[in-house]
$ cat query08.txt   # compact mmCIF, C-alpha atoms and all ligand atoms
# COMPACT_ATOMS: atom_id res chain seq x y z
CA LEU A 1 -3.86 -0.14 16.86
CA TYR A 2 -4.54 -3.87 16.80
CA VAL A 3 -1.57 -6.23 16.69
CA PRO A 4 -1.48 -10.03 16.55
CA LYS A 5 -1.22 -11.64 20.01
CA ALA A 6 1.50 -13.92 18.70
CA LEU A 7 3.28 -14.44 15.41
CA PRO A 8 3.42 -17.88 13.80
CA THR A 9 6.81 -19.36 12.92
CA PHE A 10 7.39 -20.76 9.47
CA THR A 11 10.31 -22.17 7.54
CA PRO A 12 10.51 -22.02 3.71
CA GLN A 13 9.96 -25.80 3.66
CA ASP A 14 6.49 -25.30 5.11
CA PHE A 15 5.50 -23.88 1.72
CA ALA A 16 6.96 -26.75 -0.32
CA ALA A 17 3.52 -27.71 -1.63
CA ASP A 18 2.49 -24.13 -2.47
CA GLU A 19 3.23 -22.59 -5.84
CA SER A 20 0.67 -19.86 -6.46
CA LEU A 21 0.32 -16.56 -4.61
CA PRO A 22 -3.16 -17.52 -3.26
CA ALA A 23 -1.81 -20.87 -2.00
CA ILE A 24 1.14 -19.23 -0.23
CA ALA A 25 -1.14 -16.52 1.17
CA THR A 26 -3.60 -19.08 2.52
CA ARG A 27 -0.93 -21.06 4.37
CA LEU A 28 0.71 -17.92 5.74
CA LEU A 29 -2.52 -16.33 6.96
CA GLN A 30 -4.12 -19.50 8.38
CA PRO A 31 -2.72 -19.04 11.92
CA PHE A 32 -4.09 -15.48 12.04
CA PHE A 33 -7.58 -16.76 11.15
CA SER A 34 -7.63 -19.77 13.45
CA GLY A 35 -10.90 -19.79 15.40
CA ASP A 36 -12.27 -16.94 13.30
CA ALA A 37 -15.63 -16.95 11.51
CA LEU A 38 -13.74 -16.62 8.21
CA ALA A 39 -11.26 -19.47 8.82
CA ASP A 40 -13.01 -21.89 6.46
CA GLU A 41 -13.31 -19.22 3.78
CA LEU A 42 -9.65 -18.18 3.81
CA ALA A 43 -8.59 -20.09 0.70
CA ALA A 44 -11.57 -18.72 -1.24
CA ILE A 45 -10.83 -15.19 0.01
CA CYS A 46 -7.18 -15.42 -1.10
CA THR A 47 -8.16 -16.84 -4.49
CA GLN A 48 -10.70 -14.08 -5.04
CA ALA A 49 -8.43 -11.26 -3.82
CA PHE A 50 -5.11 -12.27 -5.38
CA ASP A 51 -6.28 -12.88 -8.93
CA PHE A 52 -3.31 -11.00 -10.44
CA PRO A 53 0.42 -11.72 -10.17
CA ALA A 54 3.24 -10.15 -8.12
CA PRO A 55 6.24 -11.07 -10.28
CA LEU A 56 9.84 -10.81 -9.14
CA LYS A 57 11.85 -9.79 -12.22
CA ALA A 58 15.62 -9.70 -12.64
CA LEU A 59 16.95 -6.30 -13.73
CA PRO A 60 19.95 -6.03 -16.07
CA VAL A 61 22.22 -5.16 -13.13
CA ALA A 62 23.88 -7.98 -11.19
CA GLN A 63 21.90 -9.37 -8.23
CA THR A 64 19.22 -6.72 -8.61
CA HIS A 65 15.51 -7.47 -8.96
CA VAL A 66 12.21 -5.67 -8.99
CA LEU A 67 9.08 -6.94 -7.21
CA GLU A 68 6.21 -5.61 -9.32
CA LEU A 69 3.13 -4.90 -7.23
CA PHE A 70 1.22 -2.93 -9.86
CA HIS A 71 -0.62 -5.59 -11.84
CA GLY A 72 -3.96 -5.12 -10.04
CA PRO A 73 -7.01 -3.15 -11.20
CA THR A 74 -5.71 0.28 -10.12
CA ALA A 75 -2.03 -0.38 -10.85
CA ALA A 76 -0.68 0.12 -7.31
CA PHE A 77 0.17 -2.27 -4.46
CA LYS A 78 -2.86 -1.09 -2.45
CA ASP A 79 -5.00 -3.38 -4.64
CA PHE A 80 -3.71 -6.40 -2.69
CA GLY A 81 -4.86 -5.19 0.72
CA ALA A 82 -8.06 -3.54 -0.53
CA ARG A 83 -9.18 -6.64 -2.43
CA PHE A 84 -8.48 -8.93 0.54
CA LEU A 85 -10.39 -6.62 2.88
CA ALA A 86 -13.32 -6.45 0.46
CA ALA A 87 -13.43 -10.24 0.11
CA CYS A 88 -13.56 -10.52 3.94
CA MET A 89 -16.19 -7.80 4.40
CA GLN A 90 -18.38 -9.30 1.70
CA ARG A 91 -18.55 -12.51 3.74
CA LEU A 92 -18.90 -10.84 7.15
CA HIS A 93 -21.69 -8.44 6.30
CA ALA A 94 -24.97 -10.21 5.66
CA VAL A 95 -26.89 -8.40 2.93
CA GLY A 96 -29.72 -6.59 4.70
CA PRO A 97 -31.92 -3.56 4.19
CA ALA A 98 -29.13 -1.05 4.91
CA PRO A 99 -25.83 -1.47 3.06
CA LEU A 100 -22.59 -1.23 5.02
CA THR A 101 -20.87 1.98 3.93
CA ILE A 102 -17.09 1.98 3.63
CA LEU A 103 -15.99 5.55 4.16
CA VAL A 104 -12.53 6.49 2.86
CA ALA A 105 -10.51 9.67 2.74
CA THR A 106 -7.84 9.50 0.07
CA SER A 107 -4.97 11.54 -1.27
CA GLY A 108 -5.06 9.40 -4.41
CA ASP A 109 -4.18 5.70 -4.54
CA THR A 110 -6.03 4.26 -1.53
CA GLY A 111 -9.45 5.50 -2.57
CA ALA A 112 -9.18 4.08 -6.06
CA ALA A 113 -8.01 0.69 -4.79
CA VAL A 114 -10.84 0.52 -2.24
CA ALA A 115 -13.44 1.69 -4.78
CA ALA A 116 -12.27 -0.90 -7.32
CA ALA A 117 -12.20 -3.67 -4.71
CA PHE A 118 -15.74 -3.04 -3.38
CA HIS A 119 -17.35 -2.04 -6.67
CA GLY A 120 -20.37 -4.21 -7.42
CA LEU A 121 -20.26 -6.20 -4.14
CA PRO A 122 -23.80 -6.71 -2.80
CA GLY A 123 -24.63 -5.22 0.61
CA LEU A 124 -21.67 -2.84 0.53
CA ARG A 125 -21.15 0.67 -0.76
CA VAL A 126 -18.16 3.00 -0.83
CA VAL A 127 -18.07 6.75 -0.26
CA VAL A 128 -14.69 8.26 -1.16
CA LEU A 129 -13.62 11.77 -0.17
CA TYR A 130 -10.70 13.41 -1.93
CA PRO A 131 -9.32 16.95 -1.97
CA ASP A 132 -10.64 18.68 -5.10
CA GLY A 133 -7.84 19.73 -7.44
CA ARG A 134 -5.12 18.10 -5.35
CA VAL A 135 -5.03 14.66 -6.93
CA SER A 136 -3.70 14.03 -10.43
CA PRO A 137 -6.26 14.12 -13.29
CA ARG A 138 -5.84 10.36 -13.78
CA GLN A 139 -6.33 9.73 -10.06
CA ALA A 140 -9.49 11.87 -10.08
CA HIS A 141 -10.76 9.95 -13.08
CA GLN A 142 -10.16 6.61 -11.37
CA LEU A 143 -12.05 7.76 -8.28
CA GLY A 144 -15.04 8.99 -10.26
CA CYS A 145 -15.36 6.28 -12.90
CA PHE A 146 -17.04 3.49 -10.93
CA GLY A 147 -20.58 4.65 -10.22
CA GLY A 148 -23.01 2.00 -8.96
CA ASN A 149 -22.26 1.40 -5.27
CA VAL A 150 -19.30 3.83 -5.31
CA ARG A 151 -19.82 7.55 -4.69
CA ALA A 152 -16.92 9.98 -5.19
CA LEU A 153 -16.99 13.28 -3.32
CA ARG A 154 -14.55 16.03 -4.29
CA VAL A 155 -14.10 18.07 -1.17
CA ALA A 156 -13.39 21.79 -1.22
CA GLY A 157 -10.42 21.41 1.13
CA SER A 158 -7.25 19.48 1.87
CA PHE A 159 -6.62 15.79 2.50
CA ASP A 160 -6.57 16.61 6.21
CA ASP A 161 -10.09 18.04 5.87
CA CYS A 162 -11.22 14.81 4.20
CA GLN A 163 -9.69 12.76 7.00
CA ARG A 164 -11.29 14.95 9.66
CA LEU A 165 -14.74 14.53 8.08
CA VAL A 166 -14.34 10.76 7.89
CA LYS A 167 -13.21 10.53 11.53
CA GLN A 168 -16.15 12.66 12.61
CA ALA A 169 -18.62 10.41 10.80
CA LEU A 170 -16.99 7.26 12.21
CA SER A 171 -17.44 8.59 15.74
CA ASP A 172 -21.03 9.85 15.21
CA ARG A 173 -23.22 7.24 16.94
CA GLU A 174 -26.47 8.91 16.01
CA LEU A 175 -25.58 8.80 12.34
CA GLN A 176 -24.44 5.21 12.56
CA ALA A 177 -27.78 4.12 14.02
CA CYS A 178 -29.17 4.92 10.55
CA VAL A 179 -26.10 4.36 8.37
CA PRO A 180 -23.77 1.51 9.35
CA LEU A 181 -20.22 2.65 8.62
CA SER A 182 -16.81 1.07 8.38
CA SER A 183 -13.42 2.26 7.17
CA ALA A 184 -10.60 0.89 5.06
CA ASN A 185 -7.66 3.07 5.99
CA SER A 186 -3.97 2.32 6.08
CA ILE A 187 -3.98 1.02 9.66
CA SER A 188 -6.55 -1.70 8.93
CA LEU A 189 -5.10 -5.12 9.79
CA GLY A 190 -7.33 -6.47 7.05
CA ARG A 191 -5.09 -4.65 4.56
CA LEU A 192 -1.80 -5.03 6.40
CA LEU A 193 -1.65 -8.81 6.99
CA PRO A 194 -2.45 -9.93 3.43
CA GLN A 195 0.39 -7.76 2.13
CA MET A 196 2.79 -10.26 3.73
CA ALA A 197 1.80 -12.69 0.97
CA TYR A 198 3.81 -11.12 -1.85
CA TYR A 199 6.91 -10.90 0.32
CA ALA A 200 6.47 -14.56 1.21
CA SER A 201 6.00 -15.54 -2.41
CA ALA A 202 9.00 -13.53 -3.71
CA SER A 203 11.38 -14.56 -0.94
CA ILE A 204 10.40 -18.25 -1.07
CA GLY A 205 10.86 -18.31 -4.86
CA HIS A 206 14.29 -16.73 -4.46
CA TRP A 207 15.16 -19.16 -1.66
CA ARG A 208 14.25 -22.14 -3.83
CA ARG A 209 16.51 -20.87 -6.62
CA THR A 210 19.49 -19.77 -4.54
CA GLY A 211 19.19 -21.03 -0.97
CA THR A 212 19.68 -17.46 0.27
CA PRO A 213 17.34 -14.81 1.70
CA LEU A 214 16.29 -11.88 -0.46
CA ASP A 215 16.90 -8.29 0.68
CA PHE A 216 14.29 -5.58 -0.03
CA VAL A 217 14.14 -1.81 -0.44
CA ILE A 218 10.59 -0.58 0.14
CA PRO A 219 9.09 2.82 -0.77
CA THR A 220 7.57 3.99 2.51
CA GLY A 221 4.97 6.49 3.67
CA ASN A 222 2.62 5.24 6.37
CA LEU A 223 4.73 2.08 6.80
CA GLY A 224 1.92 -0.26 5.78
CA ASN A 225 3.80 -2.00 2.99
CA ALA A 226 7.12 -2.10 4.85
CA LEU A 227 5.50 -3.41 8.02
CA ALA A 228 4.10 -6.34 6.05
CA ALA A 229 7.66 -7.23 4.99
CA ILE A 230 8.88 -6.84 8.56
CA LEU A 231 6.10 -9.11 9.86
CA ALA A 232 6.83 -11.67 7.14
CA ARG A 233 10.47 -11.75 8.21
CA ALA A 234 9.46 -12.01 11.87
CA CYS A 235 7.33 -15.06 10.91
CA GLY A 236 10.47 -16.81 9.65
CA LEU A 237 10.22 -16.16 5.92
CA PRO A 238 13.53 -15.82 4.08
CA LEU A 239 13.72 -12.03 3.86
CA GLY A 240 17.16 -10.63 4.61
CA GLU A 241 17.77 -6.95 5.03
CA ILE A 242 14.85 -4.53 4.80
CA ALA A 243 15.61 -0.93 3.89
CA LEU A 244 12.99 1.82 3.96
CA ALA A 245 13.05 4.46 1.22
CA THR A 246 11.20 7.68 1.95
CA ASN A 247 10.84 10.86 -0.07
CA ALA A 248 11.80 14.25 1.45
CA ASN A 249 9.51 13.47 4.41
CA ARG A 250 12.38 12.26 6.52
CA VAL A 251 10.96 11.51 9.94
CA LEU A 252 11.90 7.81 9.62
CA PRO A 253 15.44 8.30 8.28
CA GLU A 254 16.06 10.81 11.08
CA PHE A 255 14.81 8.38 13.70
CA PHE A 256 16.94 5.55 12.29
CA ALA A 257 19.96 7.87 12.28
CA GLY A 258 19.54 8.25 16.03
CA ALA A 259 17.16 11.19 16.54
CA ASP A 260 14.07 10.97 18.74
CA TYR A 261 10.89 10.12 16.86
CA SER A 262 9.25 13.45 16.08
CA PRO A 263 6.27 13.57 13.72
CA GLN A 264 6.32 16.54 11.36
CA ALA A 265 3.92 18.28 9.01
CA SER A 266 4.12 16.54 5.64
CA VAL A 267 5.79 18.23 2.68
CA ALA A 268 4.56 17.78 -0.90
CA THR A 269 6.87 15.74 -3.17
CA LEU A 270 6.80 14.01 -6.56
CA ALA A 271 6.12 10.71 -4.75
CA ASN A 272 2.87 12.03 -3.30
CA ALA A 273 1.50 8.73 -1.95
CA MET A 274 4.41 8.86 0.51
CA ASP A 275 3.87 12.45 1.67
CA VAL A 276 3.52 11.46 5.31
CA GLY A 277 4.97 13.31 8.27
CA ALA A 278 3.64 10.97 10.98
CA PRO A 279 3.65 7.36 9.70
CA SER A 280 0.49 5.80 11.11
CA ASN A 281 2.00 2.32 11.58
CA PHE A 282 5.09 3.48 13.47
CA GLU A 283 3.65 2.34 16.78
CA ARG A 284 3.33 -1.18 15.43
CA LEU A 285 7.04 -1.10 14.68
CA ARG A 286 7.67 -0.06 18.27
CA TRP A 287 5.53 -2.97 19.43
CA LEU A 288 7.73 -5.39 17.50
CA TYR A 289 10.93 -3.65 18.67
CA PRO A 290 10.27 -2.05 22.07
CA ASP A 291 13.94 -1.16 22.37
CA ALA A 292 14.70 1.85 20.14
CA ASP A 293 18.35 0.93 19.64
CA ALA A 294 17.47 -2.63 18.64
CA LEU A 295 14.95 -1.17 16.19
CA ARG A 296 17.58 1.15 14.71
CA LYS A 297 19.93 -1.78 14.20
CA ALA A 298 17.25 -3.92 12.53
CA PHE A 299 16.58 -1.67 9.51
CA LYS A 300 18.05 1.02 7.33
CA ALA A 301 16.07 4.09 6.23
CA ARG A 302 17.09 6.76 3.75
CA ALA A 303 15.38 9.81 2.26
CA VAL A 304 15.36 10.74 -1.42
CA ASP A 305 14.59 14.30 -2.51
CA ASP A 306 12.70 15.34 -5.66
CA GLU A 307 15.89 16.11 -7.57
CA ALA A 308 17.17 12.57 -6.99
CA ILE A 309 13.74 11.12 -7.87
CA ARG A 310 13.85 12.94 -11.21
CA ALA A 311 17.42 11.84 -11.94
CA THR A 312 16.60 8.22 -11.11
CA ILE A 313 13.52 8.16 -13.36
CA ARG A 314 15.52 9.80 -16.17
CA ARG A 315 18.24 7.15 -16.19
CA GLY A 316 15.88 4.20 -15.49
CA PRO A 317 15.58 3.21 -19.17
CA SER A 318 19.32 3.24 -19.92
CA ARG A 319 20.56 1.75 -16.67
CA TYR A 320 17.77 -0.72 -15.85
CA ALA A 321 15.69 -0.94 -19.06
CA GLU A 322 12.74 0.15 -16.87
CA VAL A 323 10.53 3.17 -16.40
CA PHE A 324 9.94 3.72 -12.68
CA CYS A 325 7.13 5.58 -10.93
CA PRO A 326 8.29 8.32 -8.53
CA HIS A 327 7.75 6.10 -5.47
CA THR A 328 9.64 3.18 -6.93
CA ALA A 329 12.41 5.58 -7.96
CA CYS A 330 13.00 6.38 -4.26
CA ALA A 331 13.71 2.71 -3.61
CA VAL A 332 15.95 2.40 -6.67
CA ARG A 333 17.96 5.37 -5.50
CA VAL A 334 18.31 4.03 -1.97
CA LEU A 335 19.59 0.72 -3.33
CA GLU A 336 22.18 2.59 -5.40
CA ASP A 337 23.30 4.40 -2.24
CA LEU A 338 23.47 1.15 -0.28
CA ARG A 339 25.49 -0.55 -3.02
CA GLU A 340 27.88 2.39 -3.05
CA ALA A 341 28.23 1.99 0.71
CA GLY A 342 29.22 -1.65 0.20
CA ALA A 343 25.95 -3.62 0.24
CA THR A 344 26.30 -7.01 -1.46
CA GLY A 345 23.93 -9.87 -2.23
CA HIS A 346 20.56 -10.10 -3.96
CA TRP A 347 18.27 -7.12 -3.49
CA ALA A 348 14.74 -6.50 -4.73
CA VAL A 349 13.39 -3.02 -5.26
CA VAL A 350 9.66 -2.93 -4.56
CA ALA A 351 7.71 -1.26 -7.40
CA THR A 352 4.60 0.11 -5.71
CA ALA A 353 2.85 1.65 -8.74
CA HIS A 354 2.92 1.57 -12.52
CA PRO A 355 4.63 4.68 -13.95
CA ALA A 356 1.64 5.42 -16.22
CA LYS A 357 -0.32 6.38 -13.08
CA PHE A 358 2.01 9.36 -12.73
CA GLU A 359 2.41 10.16 -16.41
CA GLN A 360 2.54 13.92 -15.88
CA ILE A 361 5.75 13.51 -13.87
CA VAL A 362 7.32 10.54 -15.63
CA GLU A 363 6.65 11.15 -19.34
CA PRO A 364 8.61 14.44 -19.59
CA LEU A 365 11.56 12.79 -17.80
CA VAL A 366 11.80 9.73 -20.05
CA GLY A 367 10.78 11.63 -23.19
CA HIS A 368 7.97 9.42 -24.45
CA ALA A 369 4.36 8.53 -23.74
CA LEU A 370 3.62 5.59 -21.44
CA THR A 371 1.02 2.95 -22.20
CA PRO A 372 -1.22 2.32 -19.18
CA PRO A 373 -1.70 -1.35 -18.27
CA ALA A 374 -4.93 -2.85 -19.65
CA ALA A 375 -6.89 -2.70 -16.38
CA LEU A 376 -6.03 0.96 -15.83
CA ALA A 377 -6.76 1.78 -19.49
CA ASP A 378 -10.23 0.24 -19.06
CA LEU A 379 -10.92 2.48 -16.06
CA LEU A 380 -9.71 5.56 -17.93
CA LYS A 381 -12.11 4.80 -20.82
CA ARG A 382 -15.18 4.95 -18.57
CA PRO A 383 -16.94 8.28 -17.99
CA ALA A 384 -16.16 9.79 -14.58
CA HIS A 385 -18.24 11.90 -12.24
CA ALA A 386 -17.58 13.24 -8.75
CA GLU A 387 -19.93 15.33 -6.62
CA ALA A 388 -18.74 18.56 -5.02
CA LEU A 389 -18.85 18.64 -1.21
CA ALA A 390 -18.20 21.53 1.16
CA ALA A 391 -15.57 20.71 3.78
CA ASP A 392 -18.07 20.70 6.62
CA TYR A 393 -19.60 17.83 8.51
CA PRO A 394 -23.34 18.48 8.08
CA ALA A 395 -22.85 18.33 4.30
CA LEU A 396 -21.23 14.89 4.58
CA ALA A 397 -23.88 13.65 7.01
CA ASP A 398 -26.59 14.66 4.53
CA VAL A 399 -24.90 12.69 1.76
CA LEU A 400 -24.56 9.61 3.98
CA LEU A 401 -28.20 9.85 5.07
CA GLY A 402 -29.27 10.13 1.45
CA LYS A 403 -30.61 13.66 1.91
CA SER A 404 -28.45 14.99 -0.91
C1 LIG B 1 0.54 4.16 -0.52
C2 LIG B 1 1.73 4.12 -1.43
C3 LIG B 1 3.06 4.07 -0.92
C4 LIG B 1 3.34 4.11 0.56
O1 LIG B 1 2.95 2.93 1.19
P1 LIG B 1 2.79 2.89 2.80
O2 LIG B 1 2.17 1.60 3.08
O3 LIG B 1 1.91 4.05 3.17
O4 LIG B 1 4.15 3.04 3.37
C5 LIG B 1 4.09 3.99 -1.81
N1 LIG B 1 3.89 3.98 -3.15
C6 LIG B 1 2.65 4.03 -3.68
C7 LIG B 1 2.49 4.04 -5.15
C8 LIG B 1 1.53 4.10 -2.84
O5 LIG B 1 0.30 4.17 -3.36
$ encode --input "query08.txt" --output "structure tokens"
Amino acid sequence: LYVPKALPTFTPQDFAADESLPAIATRLLQPFFSGDALADELAAICTQAFDFPAPLKALPVAQTHVLELFHGPTAAFKDFGARFLAACMQRLHAVGPAPLTILVATSGDTGAAVAAAFHGLPGLRVVVLYPDGRVSPRQAHQLGCFGGNVRALRVAGSFDDCQRLVKQALSDRELQACVPLSSANSISLGRLLPQMAYYASASIGHWRRTGTPLDFVIPTGNLGNALAAILARACGLPLGEIALATNANRVLPEFFAGADYSPQASVATLANAMDVGAPSNFERLRWLYPDADALRKAFKARAVDDEAIRATIRRGPSRYAEVFCPHTACAVRVLEDLREAGATGHWAVVATAHPAKFEQIVEPLVGHALTPPAALADLLKRPAHAEALAADYPALADVLLGKS
């Protein structure tokens, strides 16, 4: 896993001239791009990628806020990283005879964000693999509705099969002599670093209003989103406490409670984008905090089971005047637990997806239909088509080579 050689140090005053999310992102990311071929393009990349807001809203409970990360084209936070990566790749890959193929395995949200971000970009194409029948109908629709330079493959197998096929293709040199490949998975620094921008923007705004840091609870699976917050804090931005909220996949809460780190097989939950038994960015956390005890002191982590997710979604409208997605509900519940245990101060719950993406879970719990945001509604109106693929490598190689 790549890590930055050094982290820049900022103070909130460094951003005094920056109001918009792209302006804050540009200043924050500049040191990471110094000497890079894209350095001069950074402002344009941030403006292109972050063309939707990340508002911090006060909830009707004292000192409690929600950071909404679902205003992008596929209504989940992964749009930020995917759009930034696409804007970089578009500039790095000269349009030539063979397009660069971005190969992604997805259990739902990542593939849609990557497909939306790369759709229509010249010189690039996306091939998405997802487990047939194991993503929600709306997720399947989002994956299949792009067409053009995006091909959706529904694989007769599990997410692990999809990931295995992608890894095999990425390590097949013979194939790549004919078909240049790249990936866009959750360990890509090109997705991770830009995610710091919304934490910078929210915490600086809060700092300007109150002169205090803002604490965050972050729904966590592979640790991509949370690591961005942790890096932002390490760069001197005014983030206070950072608490990780997982679903019933409790490898992180167990580690933070003192157990050895022991990856487990993932279990299926209502917050399925967090069904991770071996968080792929954990090693980066260990790089930042080589001492395990220091790491355990630096963060809190708590697990939330499906029953608590349901209860939290059910009382969202009356207690918070909000409908939460199952992932966001984990964070809301963890904040309630922390408050009960005596936590004070201003906290922001990070809302990682719009609830209408998970309507089959959320609508029965709140008792009414949810209106999808406009961008998601547009995607759902388009016709969708995905091609069936056997879960074996020769079949994928044929598709990539254009033989089928
Ligand atoms: C991917 C995802 C998460 C988990 O984020 P990580 O970066 O893997 O920790 C949480 N919520 C939603 C809606 C997601 O799509």
$ residues_around --input "query08.txt" --residues "Gln176 (chain A)" --least-positions-apart "5" --cutoff "10 Å" --atoms "only C-alpha atoms" --output "PyMOL selection string"
chain A and resi 101+169-171+181-182+400-401
$ residues_near_ligand --input "query08.txt" --ligand "ligand LIG 1 (chain B)" --cutoff "9 Å" --atoms "only C-alpha atoms and all ligand atoms" --output "PyMOL selection string"
chain A and resi 70+75-78+108-110+186+192+218-228+244+246+271-276+279-281+325-328+351-354+357
$ write_last_selection --input "query08.txt" --atoms "C-alpha atoms" --output "short mmCIF file (atom, residue, chain, number, x, y, z; two decimals), in the frame of the given file"
data_model
loop_
_atom_site.label_atom_id
_atom_site.label_comp_id
_atom_site.auth_asym_id
_atom_site.auth_seq_id
_atom_site.Cartn_x
_atom_site.Cartn_y
_atom_site.Cartn_z
CA PHE A 70 1.22 -2.93 -9.86
CA ALA A 75 -2.03 -0.38 -10.85
CA ALA A 76 -0.68 0.12 -7.31
CA PHE A 77 0.17 -2.27 -4.46
CA LYS A 78 -2.86 -1.09 -2.45
CA GLY A 108 -5.06 9.40 -4.41
CA ASP A 109 -4.18 5.70 -4.54
CA THR A 110 -6.03 4.26 -1.53
CA SER A 186 -3.97 2.32 6.08
CA LEU A 192 -1.80 -5.03 6.40
CA ILE A 218 10.59 -0.58 0.14
CA PRO A 219 9.09 2.82 -0.77
CA THR A 220 7.57 3.99 2.51
CA GLY A 221 4.97 6.49 3.67
CA ASN A 222 2.62 5.24 6.37
CA LEU A 223 4.73 2.08 6.80
CA GLY A 224 1.92 -0.26 5.78
CA ASN A 225 3.80 -2.00 2.99
CA ALA A 226 7.12 -2.10 4.85
CA LEU A 227 5.50 -3.41 8.02
CA ALA A 228 4.10 -6.34 6.05
CA LEU A 244 12.99 1.82 3.96
CA THR A 246 11.20 7.68 1.95
CA ALA A 271 6.12 10.71 -4.75
CA ASN A 272 2.87 12.03 -3.30
CA ALA A 273 1.50 8.73 -1.95
CA MET A 274 4.41 8.86 0.51
CA ASP A 275 3.87 12.45 1.67
CA VAL A 276 3.52 11.46 5.31
CA PRO A 279 3.65 7.36 9.70
CA SER A 280 0.49 5.80 11.11
CA ASN A 281 2.00 2.32 11.58
CA CYS A 325 7.13 5.58 -10.93
CA PRO A 326 8.29 8.32 -8.53
CA HIS A 327 7.75 6.10 -5.47
CA THR A 328 9.64 3.18 -6.93
CA ALA A 351 7.71 -1.26 -7.40
CA THR A 352 4.60 0.11 -5.71
CA ALA A 353 2.85 1.65 -8.74
CA HIS A 354 2.92 1.57 -12.52
CA LYS A 357 -0.32 6.38 -13.08
#
$ atom_distance --input "query08.txt" --atom1 "CA of Val349 (chain A)" --atom2 "CA of His65 (chain A)"
6.2 Å
$ residues_around --input "query08.txt" --residues "Phe52 (chain A)" --least-positions-apart "2" --cutoff "10 Å" --atoms "all atoms listed in the file" --output "PyMOL selection string"
chain A and resi 21-22+47-50+54-55+69-73+79-80
$ closest_residue --input "query08.txt" --among "A:Leu380, A:Leu365, A:Ala25, A:Ala397" --to "Gln139 (chain A)" --atoms "all atoms listed in the file"
A:Leu380
$ residues_around --input "query08.txt" --residues "Pro8 (chain A)" --least-positions-apart "4" --cutoff "12 Å" --atoms "all atoms listed in the file" --output "PyMOL selection string"
chain A and resi 4+14+27-34+231-237
